[in-house]
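Chemist: Quick one: this structure, given as structure tokens, is what I'll be asking you about.
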Amino acid sequence: MAEQAVIEVNGLGKVVDNGGAPLTILQDIGFTVMAGETVAIVGASGSGKSTLLGLLAGLDAPTAGEVRLEGIGLNGLDEDARAALRARLLGFVFQSFQLLPSLTAVENVMLPLELASARGAGDTARRWLQLVGLGERLRHYPKHLSGGEQQRVALARAFAPNPRLVLADEPTGNLDAATGGQIIELMFELNARQGTTLVLVTHDEAIAARCGRVLRLQAGRLAG
């Protein structure tokens, strides 16, 4: 059976209005990510890394080109269809954790499972929180968790639905070096365990080097 492309990007561009003048964020981006790959997207601040990740997830629309996820073109989908595709295929890890403050740790992990109508959401969420070392923090709210603990909840939330693809945007950006190192170790461990495809935005070259491939953005274009 031939390998399957999880992500296909062709001629992708993004231009925004900058006080009446067009500002090009991304220009003529093209690459393919196969199932099971780990890919880092690196570049200086303002190079378009997070914009590219948002386009890959269908959270933003390009001004040129196309993104296809498992062969499905995002340009042809309306907002509801893109959201349904994200729920089915994607897990997210954000720099700012993005936990819902009114939900406990276990409820935050349960949320995407419940949205996907998964059976046994509570049991699955508890199992994943045990796996990331938070078995004693199930009923804690985000405000009672450290930054590292919040990101562990976010990792459990991302991987619990068994997504085909996990997108991570500077997952250690709000953490100290020691805690960030632990989170990266855990993320790669979970990714290997699940056989997930991982696309990671980072400014840290040491983290990027752990991925199977590095895509380098310079002034909105892929270098090399």
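Chain labels follow the order of the structure tokens: the first chain is A, the next B, and so on; residue numbering restarts at 1 in every chain, and ligands are counted from 1 in their shown order.
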Can you tell me which residues surround region 214-217 of chain A at a distance of at most 7 Å, considering only C-alpha atoms, apart from same-chain residues fewer than 2 positions away, and format the answer as a ChimeraX atom specification?
Modeler: /A:39-43,47,208,211,219-223
Chemist: Excluding Gln151 (chain A) and any residue of its chain fewer than 6 positions from it, enumerate the residues within 12 Å of it, using only C-alpha atoms, and give them as a PyMOL selection string.
Modeler: chain A and resi 92-99+105+108-109+129+132-134+142+145+157-158+168-175+179-184+186-187
Chemist: Find the residues around Ala192 (chain A) up to 10 Å (only C-alpha atoms counted), leave out those fewer than 6 positions away in its own chain, and share them as a list in words.
Modeler: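 Within the cut-off, the hits are Gly36, Thr38, Leu186 and Leu198 of chain A.
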Chemist: Can those selected residues be exported to a file as a PDB file, in the first residue's frame so that it contains C-alpha atoms?
Modeler:
```pdb
ATOM      1  CA  GLY A  36       3.828   9.447  10.196  1.00  0.00           C
ATOM      2  CA  THR A  38       7.591  14.699  11.949  1.00  0.00           C
ATOM      3  CA  LEU A 186       6.569  13.931  26.272  1.00  0.00           C
ATOM      4  CA  LEU A 198       3.401  15.959  13.636  1.00  0.00           C
TER       5      LEU A 198
END
```
Chemist: Determine the nearest neighbour of Pro22 (chain A) from the options A:His203, A:Thr63, A:Ala87, A:Asn191, counting only C-alpha atoms.
Modeler: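 Closest candidate: A:Thr63.
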Chemist: With DSSP run on the backbone, what are the helix (DSSP H, G or I) residues within chain A? I'd like them as JSON, numbers by chain.
Modeler: {"A": [49, 50, 51, 52, 53, 54, 55, 56, 74, 75, 76, 79, 80, 81, 82, 83, 84, 85, 86, 87, 88, 89, 105, 106, 107, 108, 109, 110, 111, 112, 113, 114, 115, 121, 122, 123, 124, 125, 126, 127, 128, 129, 130, 131, 142, 143, 144, 147, 148, 149, 150, 151, 152, 153, 154, 155, 156, 157, 158, 159, 177, 178, 179, 180, 181, 182, 183, 184, 185, 186, 187, 188, 189, 190, 191, 192, 193, 194, 205, 206, 207, 208]}
Chemist: Which one is closest to Lys143 (chain A): A:Ala83, A:Val106, A:Ala160, A:Leu100? Count only C-alpha atoms.
Modeler: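 The shortest atom-to-atom distance to Lys143 (chain A) comes from A:Leu100.
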Chemist: Just the strand (DSSP E) stuff from region 39-221 of chain A, please, per backbone DSSP, written as a ChimeraX atom specification.
Modeler: /A:39-42,64-69,72-73,90-94,165-169,197-201,213-218,221
Chemist: Report the distance between CA of Glu79 (chain A) and CA of Val67 (chain A) in Å, rounded to one decimal place.
Modeler: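 We find that CA of Glu79 (chain A) and CA of Val67 (chain A) lie 14.6 Å from each other.
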Chemist: Which of these, A:Glu205, A:Glu8, A:Glu185, A:Glu37, has the shortest distance to Ala57 (chain A) once you count only C-alpha atoms?
Modeler: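 Checking each of A:Glu205, A:Glu8, A:Glu185, A:Glu37 against Ala57 (chain A), counting only C-alpha atoms, the winner is A:Glu8.
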Chemist: List every residue of region 138-211 of chain A that has an atom at most 12 Å from any atom of region 123-127 of chain A, giving for each one its closest atom pair and the distance in Å to one decimal, counting only C-alpha atoms, sorted by chain and then by ascending residue number, as JSON lines.
Modeler:
```
{"residue": "A:Leu138", "atom": "CA", "partner": "A:Arg126", "partner_atom": "CA", "distance": 7.1}
{"residue": "A:Arg139", "atom": "CA", "partner": "A:Arg126", "partner_atom": "CA", "distance": 10.2}
{"residue": "A:Val153", "atom": "CA", "partner": "A:Ala125", "partner_atom": "CA", "distance": 9.6}
{"residue": "A:Ala154", "atom": "CA", "partner": "A:Ala125", "partner_atom": "CA", "distance": 11.3}
{"residue": "A:Leu155", "atom": "CA", "partner": "A:Ala125", "partner_atom": "CA", "distance": 11.2}
{"residue": "A:Ala156", "atom": "CA", "partner": "A:Ala125", "partner_atom": "CA", "distance": 7.5}
{"residue": "A:Arg157", "atom": "CA", "partner": "A:Ala125", "partner_atom": "CA", "distance": 7.7}
{"residue": "A:Ala158", "atom": "CA", "partner": "A:Ala125", "partner_atom": "CA", "distance": 10.8}
{"residue": "A:Phe159", "atom": "CA", "partner": "A:Ala125", "partner_atom": "CA", "distance": 10.0}
{"residue": "A:Ala160", "atom": "CA", "partner": "A:Ala125", "partner_atom": "CA", "distance": 6.7}
{"residue": "A:Pro161", "atom": "CA", "partner": "A:Thr124", "partner_atom": "CA", "distance": 8.7}
{"residue": "A:Asn162", "atom": "CA", "partner": "A:Thr124", "partner_atom": "CA", "distance": 10.6}
```
Chemist: Here is a test: counting only C-alpha atoms, which residue of A:Gly46, A:Pro112, A:Pro101, A:Gly11 is nearest to Pro62 (chain A)?
Modeler: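 Residue with the minimum atom-to-atom distance to Pro62 (chain A): A:Gly11.
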Chemist: Which is closest to Ala178 (chain A) among A:Gly148, A:Pro163, A:Gly195, A:Gly135, if we use only C-alpha atoms?
Modeler: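 Comparing A:Gly148, A:Pro163, A:Gly195, A:Gly135 against Ala178 (chain A), the winner is A:Gly148.
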